[in-house]
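Shown next: work-v2.cif, containing mmCIF, C-alpha atoms.
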data_entry
loop_
_atom_site.label_atom_id
_atom_site.label_comp_id
_atom_site.auth_asym_id
_atom_site.auth_seq_id
_atom_site.Cartn_x
_atom_site.Cartn_y
_atom_site.Cartn_z
CA MET I 184 23.46 31.38 68.10
CA GLN I 185 23.92 34.82 66.65
CA LEU I 186 24.81 35.69 63.05
CA LYS I 187 27.65 38.05 63.83
CA ASN I 188 30.87 37.63 65.72
CA ASP I 189 31.30 39.37 69.05
CA SER I 190 34.36 39.89 71.22
CA ASN I 191 34.07 36.44 72.82
CA SER I 192 32.52 34.15 70.25
CA TYR I 193 32.08 33.50 66.55
CA GLY I 194 28.74 34.03 64.85
CA TRP I 195 27.30 31.10 62.95
CA LEU I 196 28.21 32.59 59.55
CA HIS I 197 31.90 32.73 60.44
CA VAL I 198 31.75 29.19 61.82
CA LEU I 199 30.14 28.05 58.58
CA LEU I 200 32.74 29.90 56.50
CA HIS I 201 35.54 28.29 58.50
CA TRP I 202 34.30 24.72 58.11
CA TRP I 203 33.34 25.18 54.48
CA THR I 204 36.89 26.42 53.81
CA ALA I 205 38.36 23.46 55.69
CA LEU I 206 36.23 20.99 53.76
CA ALA I 207 36.91 22.66 50.41
CA VAL I 208 40.68 22.88 50.98
CA VAL I 209 41.03 19.25 51.99
CA GLY I 210 38.64 18.11 49.27
CA LEU I 211 40.40 20.13 46.58
CA PHE I 212 43.74 18.75 47.71
CA ALA I 213 42.59 15.13 47.59
CA LEU I 214 40.78 15.60 44.28
CA GLY I 215 43.73 17.46 42.79
CA LEU I 216 46.20 14.79 43.86
CA TRP I 217 44.00 12.06 42.41
CA MET I 218 43.06 13.74 39.14
CA HIS I 219 46.63 14.78 38.42
CA ASP I 220 47.41 11.16 37.61
CA LEU I 221 44.35 10.45 35.49
CA ASP I 222 45.15 9.77 31.88
CA TYR I 223 43.23 11.06 28.87
CA TYR I 224 40.74 8.27 28.44
CA HIS I 225 39.79 7.85 32.08
CA GLU I 226 36.06 8.45 32.49
CA TRP I 227 36.75 11.12 35.13
CA TYR I 228 39.43 12.83 33.04
CA ARG I 229 37.09 15.63 32.04
CA THR I 230 34.74 15.72 35.02
CA ALA I 231 37.23 15.74 37.89
CA PRO I 232 39.11 18.90 36.80
CA TYR I 233 35.79 20.59 36.14
CA ILE I 234 34.62 19.91 39.69
CA HIS I 235 38.03 20.93 41.03
CA LYS I 236 37.94 24.25 39.20
CA SER I 237 34.33 24.95 40.15
CA VAL I 238 34.87 24.25 43.85
CA GLY I 239 38.08 26.30 43.69
CA VAL I 240 36.34 29.34 42.26
CA VAL I 241 33.51 29.06 44.80
CA LEU I 242 36.13 28.84 47.55
CA ILE I 243 37.85 32.01 46.35
CA LEU I 244 34.52 33.85 46.15
CA THR I 245 33.65 32.82 49.69
CA LEU I 246 37.15 33.78 50.82
CA ILE I 247 36.63 37.25 49.39
CA PHE I 248 33.32 37.42 51.24
CA ARG I 249 35.12 36.21 54.37
CA PHE I 250 37.51 39.15 54.12
CA TYR I 251 34.60 41.50 53.79
CA TRP I 252 32.89 39.87 56.76
CA ARG I 253 36.05 39.99 58.82
CA LEU I 254 36.69 43.66 58.08
CA ASN I 255 33.11 44.72 58.81
CA ASN I 256 32.39 42.46 61.68
CA GLY I 257 35.70 41.78 63.38
CA VAL I 258 36.80 38.54 64.96
CA PRO I 259 36.64 37.57 68.63
CA ASN I 260 39.57 38.60 70.81
CA SER I 261 42.32 36.10 71.40
CA ILE I 262 41.72 33.90 74.41
CA GLU I 263 43.45 35.54 77.39
CA THR I 264 45.21 32.42 78.62
CA HIS I 265 47.05 32.14 75.32
CA LYS I 266 50.67 33.15 75.53
CA SER I 267 51.70 36.13 73.49
CA TRP I 268 53.74 34.01 71.04
CA GLU I 269 50.73 31.75 70.58
CA LYS I 270 48.59 34.73 69.66
CA LYS I 271 51.16 36.01 67.19
CA LEU I 272 51.64 32.58 65.67
CA ALA I 273 47.90 32.05 65.32
CA LYS I 274 47.54 35.40 63.54
CA LEU I 275 50.45 34.62 61.24
CA MET I 276 48.92 31.24 60.50
CA HIS I 277 45.61 32.76 59.49
CA TRP I 278 47.18 35.28 57.15
CA LEU I 279 49.43 32.63 55.65
CA PHE I 280 46.33 30.55 54.94
CA TYR I 281 44.61 33.47 53.26
CA GLY I 282 47.64 34.33 51.16
CA LEU I 283 48.37 30.77 50.13
CA ILE I 284 44.77 29.96 49.24
CA PHE I 285 44.63 33.12 47.13
CA SER I 286 47.81 32.18 45.36
CA MET I 287 46.29 28.76 44.65
CA PHE I 288 43.61 30.49 42.68
CA PHE I 289 46.11 32.41 40.55
CA SER I 290 48.43 29.47 39.89
CA GLY I 291 45.45 27.26 39.09
CA TYR I 292 44.06 29.91 36.78
CA PHE I 293 47.32 30.02 34.80
CA ILE I 294 47.56 26.23 34.49
CA THR I 295 44.39 26.44 32.42
CA THR I 296 44.65 29.81 30.71
CA ALA I 297 48.35 30.11 29.84
CA LYS I 298 47.70 29.36 26.17
CA GLY I 299 44.54 31.41 25.82
CA GLN I 300 41.79 29.01 26.90
CA SER I 301 39.36 30.49 29.38
CA LEU I 302 38.70 28.98 32.80
CA GLU I 303 35.18 27.58 32.65
CA VAL I 304 33.38 26.68 35.84
CA LEU I 305 29.94 25.96 37.24
CA GLY I 306 28.41 25.63 33.82
CA PHE I 307 27.97 29.33 33.21
CA ILE I 308 31.11 31.22 34.23
CA ALA I 309 34.04 31.62 31.85
CA ILE I 310 36.97 33.57 33.27
CA PRO I 311 38.98 34.76 30.26
CA ALA I 312 42.71 34.28 29.83
CA THR I 313 44.79 37.38 30.47
CA LEU I 314 48.52 36.74 30.55
CA THR I 315 49.46 34.42 27.72
CA GLY I 316 52.55 33.86 25.67
CA ILE I 317 54.90 33.62 28.63
CA GLU I 318 57.10 30.66 27.96
CA ASN I 319 56.21 27.56 29.98
CA LEU I 320 53.80 29.62 32.08
CA GLU I 321 51.52 26.61 32.55
CA ASP I 322 54.41 24.50 33.83
CA ILE I 323 55.64 27.15 36.26
CA ALA I 324 52.07 27.67 37.45
CA GLY I 325 51.71 23.91 37.89
CA GLU I 326 54.81 23.72 40.07
CA ILE I 327 53.64 26.60 42.22
CA HIS I 328 50.16 25.10 42.50
CA GLU I 329 51.57 21.80 43.73
CA LEU I 330 54.09 23.31 46.18
CA THR I 331 51.52 25.70 47.59
CA ALA I 332 48.95 22.92 47.95
CA PHE I 333 51.33 20.85 50.05
CA SER I 334 52.29 23.90 52.12
CA ILE I 335 48.62 24.57 52.87
CA ILE I 336 48.00 20.99 53.90
CA TRP I 337 51.02 20.96 56.22
CA LEU I 338 49.86 24.23 57.74
CA ALA I 339 46.37 22.76 58.14
CA VAL I 340 47.80 19.76 59.98
CA LEU I 341 49.68 22.12 62.29
CA HIS I 342 46.54 24.24 62.70
CA ALA I 343 44.47 21.16 63.65
CA VAL I 344 47.11 19.75 65.99
CA ALA I 345 47.33 23.15 67.72
CA ALA I 346 43.53 23.27 68.12
CA ILE I 347 43.44 19.77 69.61
CA LYS I 348 46.33 20.63 71.91
CA HIS I 349 44.45 23.69 73.15
CA HIS I 350 41.38 21.55 73.75
CA LEU I 351 42.98 18.56 75.45
CA VAL I 352 46.14 19.92 77.07
CA ASP I 353 45.38 23.57 77.81
CA LYS I 354 41.66 22.83 78.21
CA ASP I 355 40.71 26.27 76.82
CA ARG I 356 37.88 27.27 74.48
CA THR I 357 39.91 27.59 71.24
CA LEU I 358 38.33 24.61 69.52
CA LEU I 359 34.88 25.06 71.09
CA ARG I 360 34.69 28.64 69.82
CA ILE I 361 35.07 27.65 66.17
CA LEU I 362 32.45 24.96 66.74
CA GLY I 363 30.08 27.79 67.61
CA ARG I 364 30.04 27.28 71.36
CA MET H 1129 85.58 25.16 4.66
CA ASN H 1130 86.24 22.91 7.62
CA ASN H 1131 82.71 21.63 7.41
CA LEU H 1132 83.14 20.95 3.76
CA PHE H 1133 86.16 18.74 4.26
CA LYS H 1134 84.47 16.92 7.12
CA SER H 1135 81.47 16.20 4.98
CA VAL H 1136 83.57 15.05 2.09
CA SER H 1137 85.64 12.67 4.18
CA LYS H 1138 82.54 11.30 5.85
CA PHE H 1139 80.64 10.49 2.73
CA GLY H 1140 83.34 9.85 0.19
CA ARG H 1141 84.98 6.60 1.23
CA ASN H 1142 86.98 6.49 -1.95
CA THR H 1143 90.27 8.28 -1.40
CA ALA H 1144 90.73 8.84 -5.13
CA LEU H 1145 87.42 10.65 -5.16
CA ILE H 1146 88.49 12.78 -2.24
CA ALA H 1147 91.69 13.64 -4.04
CA THR H 1148 89.76 14.57 -7.17
CA ILE H 1149 87.30 16.68 -5.27
CA ALA H 1150 90.05 18.32 -3.29
CA ALA H 1151 91.95 19.09 -6.47
CA ALA H 1152 88.80 20.39 -8.13
CA SER H 1153 87.97 22.53 -5.14
CA LEU H 1154 91.35 24.21 -5.41
CA THR H 1155 90.63 25.34 -8.92
CA LEU H 1156 86.86 25.52 -9.04
CA PRO H 1157 85.56 25.75 -5.50
CA SER H 1158 81.97 26.49 -6.50
CA LEU H 1159 81.64 23.21 -8.36
CA ALA H 1160 82.88 21.08 -5.51
CA ASN H 1161 80.78 22.71 -2.82
CA ALA H 1162 77.88 21.07 -1.17
CA ASP H 1163 76.61 24.37 0.20
CA ASP H 1164 75.98 24.61 3.90
CA TYR H 1165 72.73 26.13 5.09
CA VAL H 1166 71.51 27.28 8.46
CA ILE H 1167 67.86 26.55 9.09
CA ASP H 1168 66.02 29.86 9.30
CA THR H 1169 64.59 29.54 12.78
CA ARG H 1170 65.22 33.22 13.49
CA GLY H 1171 62.81 34.26 10.79
CA ALA H 1172 60.60 31.27 11.64
CA HIS H 1173 60.65 29.87 8.14
CA ALA H 1174 60.90 26.40 9.54
CA PHE H 1175 58.49 24.25 11.52
CA VAL H 1176 58.79 21.05 13.47
CA GLN H 1177 55.27 19.76 13.67
CA PHE H 1178 53.53 16.51 14.38
CA ARG H 1179 50.07 15.11 14.23
CA VAL H 1180 48.42 12.21 15.97
CA LYS H 1181 44.91 10.84 15.76
CA HIS H 1182 42.48 11.79 18.51
CA LEU H 1183 40.21 8.83 19.29
CA GLY H 1184 40.72 7.79 15.69
CA TYR H 1185 38.27 10.52 14.73
CA SER H 1186 40.45 13.49 13.85
CA TRP H 1187 44.01 14.78 13.63
CA LEU H 1188 45.52 16.68 16.50
CA TYR H 1189 48.41 18.97 15.51
CA GLY H 1190 51.26 20.17 17.65
CA ARG H 1191 54.67 21.67 17.16
CA PHE H 1192 57.96 22.37 18.81
CA ASN H 1193 58.68 26.08 18.74
CA LYS H 1194 62.40 25.92 19.52
CA PHE H 1195 64.91 24.06 17.43
CA GLU H 1196 67.99 24.72 15.38
CA GLY H 1197 69.83 22.95 12.67
CA GLU H 1198 71.96 22.99 9.58
CA PHE H 1199 72.05 21.12 6.34
CA SER H 1200 74.27 20.68 3.32
CA TYR H 1201 72.68 20.59 -0.08
CA ASP H 1202 74.10 19.98 -3.51
CA ALA H 1203 71.61 19.29 -6.27
CA ALA H 1204 74.35 17.78 -8.41
CA LYS H 1205 75.59 15.36 -5.75
CA PRO H 1206 72.54 14.44 -3.67
CA ALA H 1207 74.38 11.63 -1.90
CA THR H 1208 76.40 14.25 -0.02
CA ASN H 1209 73.30 16.03 1.26
CA LYS H 1210 72.85 15.90 4.98
CA ILE H 1211 70.99 17.52 7.83
CA LYS H 1212 71.17 17.82 11.58
CA VAL H 1213 68.44 19.27 13.77
CA ASP H 1214 68.26 19.72 17.54
CA VAL H 1215 64.85 20.23 19.12
CA ASP H 1216 64.07 21.73 22.51
CA MET H 1217 61.29 19.36 23.57
CA THR H 1218 60.07 21.70 26.29
CA SER H 1219 58.96 24.13 23.59
CA LEU H 1220 56.06 21.78 22.85
CA ASP H 1221 52.94 23.68 21.84
CA THR H 1222 49.58 22.07 21.11
CA ASN H 1223 47.68 25.32 21.62
CA HIS H 1224 46.23 24.08 24.92
CA ALA H 1225 47.99 24.77 28.21
CA GLU H 1226 46.53 21.84 30.13
CA ARG H 1227 47.40 19.38 27.38
CA ASP H 1228 50.96 20.72 27.12
CA SER H 1229 51.43 20.21 30.86
CA HIS H 1230 49.97 16.73 30.64
CA LEU H 1231 52.31 15.78 27.79
CA ALA H 1232 55.26 17.21 29.70
CA GLY H 1233 54.66 14.78 32.55
CA ASP H 1234 56.44 11.50 33.11
CA LYS H 1235 53.59 9.49 31.55
CA TYR H 1236 54.37 11.11 28.21
CA LEU H 1237 57.40 13.05 27.07
CA ASN H 1238 58.90 13.41 30.55
CA PHE H 1239 60.57 16.82 30.33
CA GLY H 1240 61.94 16.23 33.81
CA LYS H 1241 64.36 13.76 32.25
CA TYR H 1242 64.42 14.43 28.52
CA THR H 1243 64.56 17.98 27.23
CA LYS H 1244 66.31 17.45 23.89
CA ALA H 1245 65.60 15.51 20.74
CA SER H 1246 67.76 15.40 17.67
CA PHE H 1247 67.92 14.07 14.16
CA VAL H 1248 71.16 13.40 12.31
CA SER H 1249 70.96 12.11 8.76
CA THR H 1250 73.04 9.17 7.64
CA ALA H 1251 71.97 8.90 3.99
CA TYR H 1252 70.16 10.87 1.32
CA LYS H 1253 68.68 8.95 -1.55
CA SER H 1254 67.10 10.77 -4.46
CA THR H 1255 63.81 9.18 -5.50
CA GLY H 1256 62.70 11.55 -8.23
CA GLY H 1257 63.11 15.03 -9.62
CA HIS H 1258 62.19 16.78 -6.40
CA THR H 1259 61.85 13.94 -3.93
CA ALA H 1260 64.21 11.98 -1.76
CA GLN H 1261 64.43 9.68 1.20
CA VAL H 1262 66.54 10.86 4.10
CA THR H 1263 67.46 8.22 6.61
CA GLY H 1264 69.07 9.07 9.88
CA ASN H 1265 69.06 8.65 13.61
CA LEU H 1266 66.32 10.17 15.69
CA THR H 1267 67.11 10.58 19.37
CA LEU H 1268 63.95 10.94 21.40
CA MET H 1269 63.54 10.42 25.13
CA GLY H 1270 67.09 9.14 25.36
CA VAL H 1271 66.59 6.43 22.72
CA THR H 1272 68.27 6.59 19.31
CA LYS H 1273 66.63 4.76 16.40
CA PRO H 1274 66.87 5.06 12.63
CA ILE H 1275 63.93 6.63 10.83
CA THR H 1276 63.23 7.53 7.23
CA ILE H 1277 61.91 10.90 6.16
CA GLU H 1278 60.22 11.40 2.79
CA VAL H 1279 61.51 14.73 1.55
CA GLU H 1280 60.27 17.05 -1.13
CA HIS H 1281 62.43 19.91 -2.39
CA ILE H 1282 60.00 22.80 -2.61
CA GLY H 1283 62.28 25.38 -4.12
CA GLY H 1284 65.45 27.38 -3.83
CA GLY H 1285 67.23 30.47 -5.07
CA SER H 1286 68.11 34.04 -4.25
CA ASP H 1287 66.01 35.90 -1.72
CA PRO H 1288 65.21 39.64 -1.95
CA TRP H 1289 67.76 40.53 0.75
CA GLY H 1290 70.98 39.26 -0.77
CA GLY H 1291 70.84 35.75 0.60
CA TYR H 1292 70.35 32.35 -0.96
CA ARG H 1293 67.82 29.82 0.27
CA GLN H 1294 66.62 26.26 -0.15
CA GLY H 1295 63.39 24.88 1.22
CA PHE H 1296 62.12 21.38 1.88
CA GLU H 1297 59.20 19.58 3.35
CA GLY H 1298 59.65 16.28 5.12
CA ARG H 1299 57.25 13.68 6.39
CA ALA H 1300 57.97 10.71 8.56
CA VAL H 1301 55.90 8.30 10.55
CA ILE H 1302 57.29 7.14 13.83
CA THR H 1303 56.03 4.73 16.44
CA PRO H 1304 56.78 6.38 19.79
CA LYS H 1305 56.73 2.94 21.42
CA ASP H 1306 60.12 2.39 19.76
CA PHE H 1307 61.36 5.26 21.92
CA GLY H 1308 59.69 4.05 25.09
CA LEU H 1309 56.37 5.90 24.84
CA ASP H 1310 53.61 3.38 24.24
CA MET H 1311 50.95 5.58 22.69
CA ALA H 1312 48.63 2.71 21.75
CA ALA H 1313 48.41 1.54 25.35
CA LYS H 1314 47.56 5.04 26.56
CA LEU H 1315 45.49 6.46 23.73
CA GLY H 1316 44.26 3.53 21.69
CA ALA H 1317 45.46 1.80 18.56
CA ALA H 1318 44.64 4.78 16.33
CA ALA H 1319 47.27 6.83 18.18
CA ALA H 1320 50.02 4.22 17.99
CA GLN H 1321 51.87 6.24 15.38
CA VAL H 1322 52.75 9.88 15.11
CA GLU H 1323 53.40 11.74 11.88
CA LEU H 1324 56.20 14.26 11.80
CA LEU H 1325 55.71 17.19 9.45
CA LEU H 1326 58.92 19.09 8.94
CA SER H 1327 59.16 22.29 7.01
CA VAL H 1328 62.65 23.59 6.60
CA GLU H 1329 64.06 26.65 4.90
CA GLY H 1330 67.79 27.20 5.07
CA ILE H 1331 69.90 30.27 4.39
CA ARG H 1332 73.24 29.55 2.73
CA LYS H 1333 76.22 30.33 4.89
CA LYS H 1334 78.42 33.08 3.57
#

How would this structure read if it were set down as structure tokens?
Amino acid sequence: MQLKNDSNSYGWLHVLLHWWTALAVVGLFALGLWMHDLDYYHEWYRTAPYIHKSVGVVLILTLIFRFYWRLNNGVPNSIETHKSWEKKLAKLMHWLFYGLIFSMFFSGYFITTAKGQSLEVLGFIAIPATLTGIENLEDIAGEIHELTAFSIIWLAVLHAVAAIKHHLVDKDRTLLRILGR
Amino acid sequence: MNNLFKSVSKFGRNTALIATIAAASLTLPSLANADDYVIDTRGAHAFVQFRVKHLGYSWLYGRFNKFEGEFSYDAAKPATNKIKVDVDMTSLDTNHAERDSHLAGDKYLNFGKYTKASFVSTAYKSTGGHTAQVTGNLTLMGVTKPITIEVEHIGGGSDPWGGYRQGFEGRAVITPKDFGLDMAAKLGAAAAQVELLLSVEGIRKK
């Protein structure tokens, strides 16, 4: 299997990026949902958010790399049997994912930094606070973070159902391609 | 003047006294006045703060940045002194964004349901030259309970800009469980109670 994408198939790096993103998004969602309800003295109260933030930052860094990879390397053409509305919808879906995941980073960043604390991740990175002093910024950011998270998960469900439908009903290569076949 | 008569009729149950005061106020208004003051929140010479023990090892301080209130003060007739303060709970600030969000949630102060707190005094009892006990009703998270605030009169007099001010510091200890927030169950016995630290400077109404 080749490193780079070509017009018919994904390279292994893009396949890896895709499944890493899927795993990270679902994992971050589950962890976020769970840790949101932890109270102060829970033994995971400090660790869970730290893992959440660290994975989140790694996800954003890989997403930035994914953009770079996409721009330099292109993606395979749409499968020809797909209807034109399916192609458009799939494209829209991808860009929605990118936009929403990016906005998750910013809303998450403000939940932590709205009062001046820096966002510390991975044991050695501290992203400093920038915008502070906006009233209730952390609460607004929290609302956006939650709403966006649920939107992403609903989109992901749709995305997965569509892939399975292409595999089982249309019997095309949509799902196989992103598995590296 | 409306406020004055309200305050007089509220605290002076004796009609003869009211008549006397009313008569006196006609001739010598300055003697009969319990002056009304507006708490100087605009200049931020007032603070609604609290502290609670963290793990039993240290004090954690927080404050509410938005509130407003008024008080009446008469050094000669302390029994007529009174105060009312309304606090915007959502202005909570513990200098830590994640903690403020956590406290805003329904496990703690529940800003989704309760955004206001208020204190209205019911009695002022002088306990010394500069000290007093103010009792009154605290409404917090929809529950109203009486509390007592230990008050110290810090000072008062003319300010450099043509106004007249009085300043006080108050301390009270409350048990949030009384208002439906069981701190001990969530944060341990050392955090069962919360101290309120209230610093108030008022500008006399003209």

What is the distance between atom CA of I:Phe212 and atom CA of I:Glu329, in Å to one decimal?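 It comes out at 9.3 Å.
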
Distance table requested - chain H against chain I, cut-off 9 Å, only C-alpha atoms: one row per qualifying residue with the closest atom pair and its distance in Å to one decimal, ordered by chain and rising residue number, as JSON lines.
{"residue": "H:Thr1218", "atom": "CA", "partner": "I:Asn319", "partner_atom": "CA", "distance": 7.9}
{"residue": "H:Ser1219", "atom": "CA", "partner": "I:Asn319", "partner_atom": "CA", "distance": 7.8}
{"residue": "H:Asp1221", "atom": "CA", "partner": "I:Lys298", "partner_atom": "CA", "distance": 8.9}
{"residue": "H:Asn1223", "atom": "CA", "partner": "I:Lys298", "partner_atom": "CA", "distance": 6.1}
{"residue": "H:His1224", "atom": "CA", "partner": "I:Lys298", "partner_atom": "CA", "distance": 5.6}
{"residue": "H:Ala1225", "atom": "CA", "partner": "I:Lys298", "partner_atom": "CA", "distance": 5.0}
{"residue": "H:Glu1226", "atom": "CA", "partner": "I:Thr295", "partner_atom": "CA", "distance": 5.6}
{"residue": "H:Asp1228", "atom": "CA", "partner": "I:Glu321", "partner_atom": "CA", "distance": 8.0}
{"residue": "H:Ser1229", "atom": "CA", "partner": "I:Asp322", "partner_atom": "CA", "distance": 6.0}
{"residue": "H:His1230", "atom": "CA", "partner": "I:Asp222", "partner_atom": "CA", "distance": 8.6}
{"residue": "H:Ala1232", "atom": "CA", "partner": "I:Asp322", "partner_atom": "CA", "distance": 8.4}
{"residue": "H:Lys1235", "atom": "CA", "partner": "I:Asp222", "partner_atom": "CA", "distance": 8.5}
{"residue": "H:Lys1314", "atom": "CA", "partner": "I:Asp222", "partner_atom": "CA", "distance": 7.5}
{"residue": "H:Leu1315", "atom": "CA", "partner": "I:Tyr224", "partner_atom": "CA", "distance": 6.9}
{"residue": "H:Gly1316", "atom": "CA", "partner": "I:Tyr224", "partner_atom": "CA", "distance": 9.0}

Test item: residues at most 12 Å from I:Met184, all atoms listed in the file, excluding those fewer than 5 positions along its chain, as JSON, numbers by chain: {"I": [189, 192, 193, 194, 195, 196, 197, 198, 360, 362, 363, 364]}

May I ask which of the residues H:Gly1197, H:Arg1227, H:Met1217, H:Asn1238 is the closest one to I:Arg229, counting all atoms listed in the file? H:Arg1227

For the file shown, report as a list in words the outcome of the PyMOL selection byres ((chain I and resi 349) around 12) at residue level.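 Taken on the displayed file, the PyMOL selection byres ((chain I and resi 349) around 12) yields the residues Ile262, Thr264, His265, Lys266, Glu269, Ala273, His342, Ala343, Val344, Ala345, Ala346, Ile347, Lys348, His350, Leu351, Val352, Asp353, Lys354, Asp355, Arg356, Thr357, Leu358, Leu359 and Arg360 of chain I.
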
Result set, the PyMOL selection byres ((chain H and resi 1165) around 8) on current file, as a ChimeraX atom specification: /H:1163-1164,1166-1167,1198-1201,1293,1330-1333

Mind pulling up the distance from atom CA of H:Met1269 to atom CA of H:Ile1302?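 Interatomic distance here is 13.3 Å.
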
Using all atoms listed in the file, list the residues that have an atom at most 10 Å from (48.8, 7.2, 23.3), coordinates as in the file, as a ChimeraX atom specification. /I:222-224 /H:1180-1183,1235-1236,1304-1305,1309-1322

Report as a PyMOL selection string the full result of the PyMOL selection byres ((chain H and resi 1300) around 12) when it is applied to this structure. chain H and resi 1176-1179+1247+1261-1264+1266+1274-1280+1297-1299+1301-1303+1321-1327

Atom-to-atom span, atom CA of H:Leu1220 and atom CA of I:Glu303, Å: 23.8 Å

Could you tell me which of I:Ser301, I:Thr230, I:Ser290, I:Asn188 comes closest to I:Leu330 if we count all atoms listed in the file?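 Nearest to I:Leu330: I:Ser290.
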
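Using all atoms listed in the file, the protein and nucleic acid residues lying no more than 9 Å from stretch 232-237 of chain I, apart from those fewer than 2 places from it along its own chain, are Gly210, Leu211, Leu214, Gly215, Met218, His219, Trp227, Tyr228, Arg229, Thr230, Gly239, Val240, Val241, Leu242, Gly291, Tyr292, Leu302, Glu303, Val304, Leu305 and Gly306 of chain I.
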
Writer output for current selection, C-alpha atoms, as a PDB file, in the coordinates of the input:
ATOM      1  CA  GLY I 210      38.640  18.110  49.270  1.00  0.00           C
ATOM      2  CA  LEU I 211      40.400  20.130  46.580  1.00  0.00           C
ATOM      3  CA  LEU I 214      40.780  15.600  44.280  1.00  0.00           C
ATOM      4  CA  GLY I 215      43.730  17.460  42.790  1.00  0.00           C
ATOM      5  CA  MET I 218      43.060  13.740  39.140  1.00  0.00           C
ATOM      6  CA  HIS I 219      46.630  14.780  38.420  1.00  0.00           C
ATOM      7  CA  TRP I 227      36.750  11.120  35.130  1.00  0.00           C
ATOM      8  CA  TYR I 228      39.430  12.830  33.040  1.00  0.00           C
ATOM      9  CA  ARG I 229      37.090  15.630  32.040  1.00  0.00           C
ATOM     10  CA  THR I 230      34.740  15.720  35.020  1.00  0.00           C
ATOM     11  CA  GLY I 239      38.080  26.300  43.690  1.00  0.00           C
ATOM     12  CA  VAL I 240      36.340  29.340  42.260  1.00  0.00           C
ATOM     13  CA  VAL I 241      33.510  29.060  44.800  1.00  0.00           C
ATOM     14  CA  LEU I 242      36.130  28.840  47.550  1.00  0.00           C
ATOM     15  CA  GLY I 291      45.450  27.260  39.090  1.00  0.00           C
ATOM     16  CA  TYR I 292      44.060  29.910  36.780  1.00  0.00           C
ATOM     17  CA  LEU I 302      38.700  28.980  32.800  1.00  0.00           C
ATOM     18  CA  GLU I 303      35.180  27.580  32.650  1.00  0.00           C
ATOM     19  CA  VAL I 304      33.380  26.680  35.840  1.00  0.00           C
ATOM     20  CA  LEU I 305      29.940  25.960  37.240  1.00  0.00           C
ATOM     21  CA  GLY I 306      28.410  25.630  33.820  1.00  0.00           C
TER      22      GLY I 306
END

Using all atoms listed in the file, can you tell me which of H:Val1271, H:Thr1222, H:Asp1287, H:Phe1175 comes closest to H:Tyr1189?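 Among the listed residues, the smallest separation from H:Tyr1189 belongs to H:Thr1222.
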
Quick test: take stretch 1210-1219 of chain H, keep N, CA, C and O atoms, and write it as a JSON list (two decimals), in the first residue's frame.
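Dumped everything to result_1.json:
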[["chain", "number", "residue", "atom", "x", "y", "z"],
["H", 1210, "LYS", "N", -30.56, 50.11, 58.30],
["H", 1210, "LYS", "CA", -30.97, 48.94, 57.52],
["H", 1210, "LYS", "C", -30.23, 48.89, 56.21],
["H", 1210, "LYS", "O", -29.67, 49.90, 55.76],
["H", 1211, "ILE", "N", -30.25, 47.73, 55.60],
["H", 1211, "ILE", "CA", -29.53, 47.52, 54.34],
["H", 1211, "ILE", "C", -30.24, 46.50, 53.48],
["H", 1211, "ILE", "O", -30.90, 45.59, 54.00],
["H", 1212, "LYS", "N", -30.11, 46.71, 52.18],
["H", 1212, "LYS", "CA", -30.65, 45.74, 51.22],
["H", 1212, "LYS", "C", -29.64, 45.61, 50.08],
["H", 1212, "LYS", "O", -29.18, 46.63, 49.55],
["H", 1213, "VAL", "N", -29.29, 44.39, 49.75],
["H", 1213, "VAL", "CA", -28.32, 44.16, 48.68],
["H", 1213, "VAL", "C", -28.84, 43.06, 47.75],
["H", 1213, "VAL", "O", -29.35, 42.04, 48.22],
["H", 1214, "ASP", "N", -28.74, 43.30, 46.47],
["H", 1214, "ASP", "CA", -29.07, 42.27, 45.47],
["H", 1214, "ASP", "C", -27.79, 41.87, 44.74],
["H", 1214, "ASP", "O", -27.04, 42.73, 44.30],
["H", 1215, "VAL", "N", -27.58, 40.58, 44.63],
["H", 1215, "VAL", "CA", -26.35, 40.07, 44.01],
["H", 1215, "VAL", "C", -26.69, 39.29, 42.75],
["H", 1215, "VAL", "O", -27.61, 38.47, 42.75],
["H", 1216, "ASP", "N", -25.95, 39.58, 41.69],
["H", 1216, "ASP", "CA", -26.05, 38.80, 40.45],
["H", 1216, "ASP", "C", -25.11, 37.60, 40.60],
["H", 1216, "ASP", "O", -23.90, 37.73, 40.49],
["H", 1217, "MET", "N", -25.69, 36.44, 40.88],
["H", 1217, "MET", "CA", -24.89, 35.25, 41.19],
["H", 1217, "MET", "C", -23.97, 34.86, 40.02],
["H", 1217, "MET", "O", -22.89, 34.32, 40.22],
["H", 1218, "THR", "N", -24.45, 35.16, 38.80],
["H", 1218, "THR", "CA", -23.68, 34.72, 37.64],
["H", 1218, "THR", "C", -22.37, 35.50, 37.49],
["H", 1218, "THR", "O", -21.53, 35.16, 36.67],
["H", 1219, "SER", "N", -22.20, 36.54, 38.31],
["H", 1219, "SER", "CA", -20.96, 37.30, 38.25],
["H", 1219, "SER", "C", -19.88, 36.68, 39.15],
["H", 1219, "SER", "O", -18.86, 37.29, 39.42]]
